[in-house]
>>> print(open('data-v7.cif').read())   # mmCIF, N, CA and C atoms and all ligand atoms
data_structure
loop_
_atom_site.group_PDB
_atom_site.id
_atom_site.type_symbol
_atom_site.label_atom_id
_atom_site.label_comp_id
_atom_site.auth_asym_id
_atom_site.auth_seq_id
_atom_site.Cartn_x
_atom_site.Cartn_y
_atom_site.Cartn_z
ATOM 1 N N MET A 1 59.638 176.487 100.256
ATOM 2 C CA MET A 1 58.819 175.553 101.037
ATOM 3 C C MET A 1 59.718 174.569 101.784
ATOM 4 N N ILE A 2 59.425 174.398 103.036
ATOM 5 C CA ILE A 2 60.228 173.501 103.872
ATOM 6 C C ILE A 2 59.753 172.059 103.698
ATOM 7 N N SER A 3 60.679 171.166 103.437
ATOM 8 C CA SER A 3 60.336 169.753 103.299
ATOM 9 C C SER A 3 60.606 169.026 104.605
ATOM 10 N N TYR A 4 59.632 168.299 105.064
ATOM 11 C CA TYR A 4 59.812 167.516 106.280
ATOM 12 C C TYR A 4 60.222 166.075 105.976
ATOM 13 N N GLU A 5 60.520 165.852 104.714
ATOM 14 C CA GLU A 5 60.926 164.507 104.295
ATOM 15 C C GLU A 5 62.400 164.230 104.606
ATOM 16 N N ILE A 6 63.147 165.317 104.882
ATOM 17 C CA ILE A 6 64.577 165.144 105.175
ATOM 18 C C ILE A 6 64.735 164.425 106.517
ATOM 19 N N PRO A 7 65.426 163.279 106.521
ATOM 20 C CA PRO A 7 65.554 162.530 107.776
ATOM 21 C C PRO A 7 66.470 163.205 108.775
ATOM 22 N N ASP A 8 66.137 163.076 110.020
ATOM 23 C CA ASP A 8 66.951 163.613 111.100
ATOM 24 C C ASP A 8 68.303 162.902 111.098
ATOM 25 N N PRO A 9 69.413 163.659 111.046
ATOM 26 C CA PRO A 9 70.732 163.006 110.941
ATOM 27 C C PRO A 9 71.019 162.047 112.086
ATOM 28 N N PHE A 10 70.646 162.417 113.291
ATOM 29 C CA PHE A 10 70.926 161.552 114.438
ATOM 30 C C PHE A 10 70.084 160.284 114.383
ATOM 31 N N GLU A 11 68.825 160.433 114.007
ATOM 32 C CA GLU A 11 67.935 159.281 113.893
ATOM 33 C C GLU A 11 68.468 158.292 112.856
ATOM 34 N N THR A 12 68.930 158.822 111.734
ATOM 35 C CA THR A 12 69.497 157.979 110.687
ATOM 36 C C THR A 12 70.742 157.271 111.185
ATOM 37 N N PHE A 13 71.560 157.991 111.940
ATOM 38 C CA PHE A 13 72.780 157.400 112.502
ATOM 39 C C PHE A 13 72.444 156.230 113.412
ATOM 40 N N VAL A 14 71.482 156.412 114.285
ATOM 41 C CA VAL A 14 71.096 155.354 115.219
ATOM 42 C C VAL A 14 70.517 154.156 114.473
ATOM 43 N N GLU A 15 69.681 154.429 113.488
ATOM 44 C CA GLU A 15 69.096 153.347 112.697
ATOM 45 C C GLU A 15 70.169 152.525 112.001
ATOM 46 N N ASN A 16 71.142 153.213 111.403
ATOM 47 C CA ASN A 16 72.211 152.510 110.703
ATOM 48 C C ASN A 16 73.095 151.740 111.678
ATOM 49 N N LYS A 17 73.289 152.318 112.863
ATOM 50 C CA LYS A 17 74.160 151.702 113.847
ATOM 51 C C LYS A 17 73.598 150.353 114.303
ATOM 52 N N TYR A 18 72.274 150.269 114.421
ATOM 53 C CA TYR A 18 71.664 149.052 114.953
ATOM 54 C C TYR A 18 71.007 148.177 113.880
ATOM 55 N N LYS A 19 71.113 148.630 112.634
ATOM 56 C CA LYS A 19 70.445 147.930 111.540
ATOM 57 C C LYS A 19 70.910 146.468 111.424
ATOM 58 N N ASP A 20 72.241 146.293 111.498
ATOM 59 C CA ASP A 20 72.800 144.949 111.335
ATOM 60 C C ASP A 20 73.320 144.399 112.652
ATOM 61 N N TYR A 21 72.851 144.974 113.744
ATOM 62 C CA TYR A 21 73.351 144.568 115.049
ATOM 63 C C TYR A 21 72.734 143.239 115.462
ATOM 64 N N LYS A 22 73.596 142.234 115.670
ATOM 65 C CA LYS A 22 73.094 140.904 116.009
ATOM 66 C C LYS A 22 73.619 140.448 117.360
ATOM 67 N N GLY A 23 74.174 141.376 118.108
ATOM 68 C CA GLY A 23 74.731 141.015 119.405
ATOM 69 C C GLY A 23 73.679 140.964 120.490
ATOM 70 N N MET A 24 74.150 141.016 121.725
ATOM 71 C CA MET A 24 73.227 140.958 122.856
ATOM 72 C C MET A 24 72.608 142.330 123.101
ATOM 73 N N LEU A 25 71.370 142.314 123.534
ATOM 74 C CA LEU A 25 70.692 143.532 123.929
ATOM 75 C C LEU A 25 70.169 143.358 125.353
ATOM 76 N N TYR A 26 70.209 144.433 126.113
ATOM 77 C CA TYR A 26 69.709 144.349 127.477
ATOM 78 C C TYR A 26 68.287 144.881 127.550
ATOM 79 N N ASP A 27 67.415 144.054 128.090
ATOM 80 C CA ASP A 27 66.024 144.455 128.264
ATOM 81 C C ASP A 27 65.867 145.026 129.660
ATOM 82 N N PHE A 28 65.691 146.334 129.743
ATOM 83 C CA PHE A 28 65.626 146.989 131.043
ATOM 84 C C PHE A 28 64.348 146.634 131.803
ATOM 85 N N PHE A 29 63.298 146.290 131.068
ATOM 86 C CA PHE A 29 62.033 145.970 131.720
ATOM 87 C C PHE A 29 62.049 144.562 132.300
ATOM 88 N N ALA A 30 62.602 143.635 131.533
ATOM 89 C CA ALA A 30 62.673 142.248 131.995
ATOM 90 C C ALA A 30 63.927 142.016 132.823
ATOM 91 N N ARG A 31 64.861 142.975 132.800
ATOM 92 C CA ARG A 31 66.137 142.870 133.494
ATOM 93 C C ARG A 31 66.906 141.618 133.085
ATOM 94 N N GLU A 32 66.987 141.403 131.796
ATOM 95 C CA GLU A 32 67.771 140.280 131.296
ATOM 96 C C GLU A 32 68.299 140.596 129.914
ATOM 97 N N TRP A 33 69.295 139.819 129.519
ATOM 98 C CA TRP A 33 69.884 139.976 128.199
ATOM 99 C C TRP A 33 69.145 139.070 127.221
ATOM 100 N N HIS A 34 69.064 139.530 126.005
ATOM 101 C CA HIS A 34 68.490 138.651 124.999
ATOM 102 C C HIS A 34 69.189 138.857 123.677
ATOM 103 N N MET A 35 69.191 137.839 122.874
ATOM 104 C CA MET A 35 69.795 137.912 121.543
ATOM 105 C C MET A 35 69.186 136.837 120.664
ATOM 106 N N LYS A 36 69.347 137.041 119.369
ATOM 107 C CA LYS A 36 68.894 136.032 118.417
ATOM 108 C C LYS A 36 70.048 135.092 118.129
ATOM 109 N N ALA A 37 69.806 133.811 118.252
ATOM 110 C CA ALA A 37 70.844 132.833 117.965
ATOM 111 C C ALA A 37 71.224 132.912 116.487
ATOM 112 N N ALA A 38 72.539 132.928 116.229
ATOM 113 C CA ALA A 38 73.010 133.060 114.848
ATOM 114 C C ALA A 38 72.647 131.841 114.003
ATOM 115 N N CYS A 39 72.521 130.686 114.662
ATOM 116 C CA CYS A 39 72.287 129.436 113.932
ATOM 117 C C CYS A 39 70.875 129.330 113.389
ATOM 118 N N CYS A 40 69.864 129.754 114.184
ATOM 119 C CA CYS A 40 68.497 129.520 113.755
ATOM 120 C C CYS A 40 67.581 130.722 113.969
ATOM 121 N N GLY A 41 68.093 131.778 114.624
ATOM 122 C CA GLY A 41 67.283 132.958 114.846
ATOM 123 C C GLY A 41 66.389 132.887 116.061
ATOM 124 N N GLU A 42 66.541 131.812 116.843
ATOM 125 C CA GLU A 42 65.742 131.655 118.050
ATOM 126 C C GLU A 42 66.189 132.669 119.106
ATOM 127 N N GLU A 43 65.245 133.212 119.871
ATOM 128 C CA GLU A 43 65.573 134.175 120.918
ATOM 129 C C GLU A 43 66.109 133.457 122.151
ATOM 130 N N LEU A 44 67.235 133.956 122.652
ATOM 131 C CA LEU A 44 67.815 133.383 123.859
ATOM 132 C C LEU A 44 67.811 134.447 124.942
ATOM 133 N N TYR A 45 67.594 133.999 126.181
ATOM 134 C CA TYR A 45 67.545 134.938 127.302
ATOM 135 C C TYR A 45 68.497 134.501 128.402
ATOM 136 N N ALA A 46 69.099 135.479 129.103
ATOM 137 C CA ALA A 46 69.998 135.171 130.201
ATOM 138 C C ALA A 46 70.083 136.360 131.147
ATOM 139 N N PRO A 47 70.353 136.088 132.440
ATOM 140 C CA PRO A 47 70.442 137.183 133.402
ATOM 141 C C PRO A 47 71.712 138.014 133.266
ATOM 142 N N ASN A 48 72.775 137.453 132.690
ATOM 143 C CA ASN A 48 73.984 138.240 132.455
ATOM 144 C C ASN A 48 74.750 137.718 131.244
ATOM 145 N N LYS A 49 75.780 138.464 130.861
ATOM 146 C CA LYS A 49 76.511 138.147 129.626
ATOM 147 C C LYS A 49 77.244 136.815 129.704
ATOM 148 N N LYS A 50 77.784 136.515 130.871
ATOM 149 C CA LYS A 50 78.547 135.287 131.033
ATOM 150 C C LYS A 50 77.660 134.058 130.811
ATOM 151 N N ILE A 51 76.483 134.099 131.437
ATOM 152 C CA ILE A 51 75.528 132.997 131.281
ATOM 153 C C ILE A 51 74.997 132.970 129.848
ATOM 154 N N MET A 52 74.823 134.145 129.257
ATOM 155 C CA MET A 52 74.362 134.192 127.872
ATOM 156 C C MET A 52 75.316 133.453 126.954
ATOM 157 N N ASN A 53 76.615 133.646 127.148
ATOM 158 C CA ASN A 53 77.595 132.943 126.319
ATOM 159 C C ASN A 53 77.481 131.435 126.492
ATOM 160 N N LYS A 54 77.277 130.988 127.715
ATOM 161 C CA LYS A 54 77.113 129.551 127.974
ATOM 162 C C LYS A 54 75.858 129.015 127.307
ATOM 163 N N ILE A 55 74.765 129.753 127.448
ATOM 164 C CA ILE A 55 73.500 129.339 126.843
ATOM 165 C C ILE A 55 73.626 129.296 125.326
ATOM 166 N N ARG A 56 74.306 130.318 124.772
ATOM 167 C CA ARG A 56 74.470 130.401 123.315
ATOM 168 C C ARG A 56 75.282 129.203 122.803
ATOM 169 N N LEU A 57 76.397 128.900 123.486
ATOM 170 C CA LEU A 57 77.233 127.777 123.068
ATOM 171 C C LEU A 57 76.487 126.459 123.216
ATOM 172 N N TYR A 58 75.777 126.308 124.340
ATOM 173 C CA TYR A 58 75.018 125.086 124.578
ATOM 174 C C TYR A 58 73.956 124.908 123.496
ATOM 175 N N HIS A 59 73.254 126.002 123.229
ATOM 176 C CA HIS A 59 72.189 125.954 122.233
ATOM 177 C C HIS A 59 72.738 125.562 120.863
ATOM 178 N N THR A 60 73.817 126.237 120.444
ATOM 179 C CA THR A 60 74.392 125.979 119.122
ATOM 180 C C THR A 60 74.862 124.540 118.996
ATOM 181 N N ARG A 61 75.595 124.082 120.015
ATOM 182 C CA ARG A 61 76.179 122.738 119.948
ATOM 183 C C ARG A 61 75.133 121.637 120.089
ATOM 184 N N ASN A 62 74.265 121.780 121.077
ATOM 185 C CA ASN A 62 73.379 120.672 121.406
ATOM 186 C C ASN A 62 72.016 120.735 120.734
ATOM 187 N N GLU A 63 71.519 121.931 120.509
ATOM 188 C CA GLU A 63 70.175 122.011 119.966
ATOM 189 C C GLU A 63 70.157 122.211 118.456
ATOM 190 N N CYS A 64 71.172 122.861 117.918
ATOM 191 C CA CYS A 64 71.165 123.121 116.477
ATOM 192 C C CYS A 64 72.174 122.294 115.714
ATOM 193 N N LEU A 65 73.256 121.875 116.355
ATOM 194 C CA LEU A 65 74.242 121.065 115.652
ATOM 195 C C LEU A 65 74.186 119.605 116.107
ATOM 196 N N GLY A 66 73.252 119.285 116.957
ATOM 197 C CA GLY A 66 73.053 117.903 117.362
ATOM 198 C C GLY A 66 74.198 117.299 118.160
ATOM 199 N N GLY A 67 74.907 118.101 118.952
ATOM 200 C CA GLY A 67 75.902 117.561 119.854
ATOM 201 C C GLY A 67 77.332 117.637 119.363
ATOM 202 N N TYR A 68 77.578 118.214 118.205
ATOM 203 C CA TYR A 68 78.953 118.341 117.708
ATOM 204 C C TYR A 68 79.727 119.426 118.455
HETATM 205 ZN ZN ZN B 101 69.934 127.583 116.954
#
>>> encode(input="data-v7.cif", output="structure tokens", more="lines below")
Ligand SMILES: [Zn+2]
Amino acid sequence: MISYEIPDPFETFVENKYKDYKGMLYDFFAREWHMKAACCGEELYAPNKKIMNKIRLYHTRNECLGGY
């Protein structure tokens, strides 16, 4: 009897690859980058990676660390 419970190797690979992924992701529909802030888990959005880094640093320093 064939068991369909065996997970697809490629599917498992992709799931594991992105399971702990906390970096930036590109939203093709919204045409912007988004990521979860490491400090509080808030979603941040930016049109490109360079601006995302600025937004992330600004957010961490000014909004979550109170200006430090
Ligand atoms: Zn934060």
>>> atom_distance(input="data-v7.cif", atom1="atom CA of A:Met35", atom2="atom CA of A:Tyr58")
14.2 Å
>>> residues_near_ligand(input="data-v7.cif", ligand="ligand ZN 101 (chain B)", cutoff="5 Å", atoms="all atoms listed in the file", output="PyMOL selection string")
chain A and resi 39-40+64
>>> atom_distance(input="data-v7.cif", atom1="atom C of A:His34", atom2="atom N of A:Met52")
9.2 Å
>>> atom_distance(input="data-v7.cif", atom1="atom CA of A:Ile55", atom2="atom CA of A:Leu25")
14.8 Å
>>> residues_around(input="data-v7.cif", residues="A:Asn48", least_positions_apart="5", cutoff="9 Å", atoms="only C-alpha atoms", output="list of chain:residue names")
A:Tyr26, A:Glu32, A:Trp33, A:Asn53
>>> residues_around(input="data-v7.cif", residues="A:Lys36", least_positions_apart="4", cutoff="6 Å", atoms="all atoms listed in the file", output="list in words")
Lys22, Gly23, Gly41, Glu42, Glu43 and Leu44 of chain A
>>> select_by_dssp(input="data-v7.cif", residues="stretch 18-55 of chain A", states="helix (DSSP H, G or I)", output="compact mmCIF listing (two decimals) with N, CA and C atoms, in the coordinates of the input")
# COMPACT_ATOMS: atom_id res chain seq x y z
N TYR A 18 72.27 150.27 114.42
CA TYR A 18 71.66 149.05 114.95
C TYR A 18 71.01 148.18 113.88
N LYS A 19 71.11 148.63 112.63
CA LYS A 19 70.44 147.93 111.54
C LYS A 19 70.91 146.47 111.42
N LYS A 49 75.78 138.46 130.86
CA LYS A 49 76.51 138.15 129.63
C LYS A 49 77.24 136.82 129.70
N LYS A 50 77.78 136.51 130.87
CA LYS A 50 78.55 135.29 131.03
C LYS A 50 77.66 134.06 130.81
N ILE A 51 76.48 134.10 131.44
CA ILE A 51 75.53 133.00 131.28
C ILE A 51 75.00 132.97 129.85
N MET A 52 74.82 134.15 129.26
CA MET A 52 74.36 134.19 127.87
C MET A 52 75.32 133.45 126.95
N ASN A 53 76.61 133.65 127.15
CA ASN A 53 77.60 132.94 126.32
C ASN A 53 77.48 131.44 126.49
N LYS A 54 77.28 130.99 127.72
CA LYS A 54 77.11 129.55 127.97
C LYS A 54 75.86 129.01 127.31
N ILE A 55 74.76 129.75 127.45
CA ILE A 55 73.50 129.34 126.84
C ILE A 55 73.63 129.30 125.33
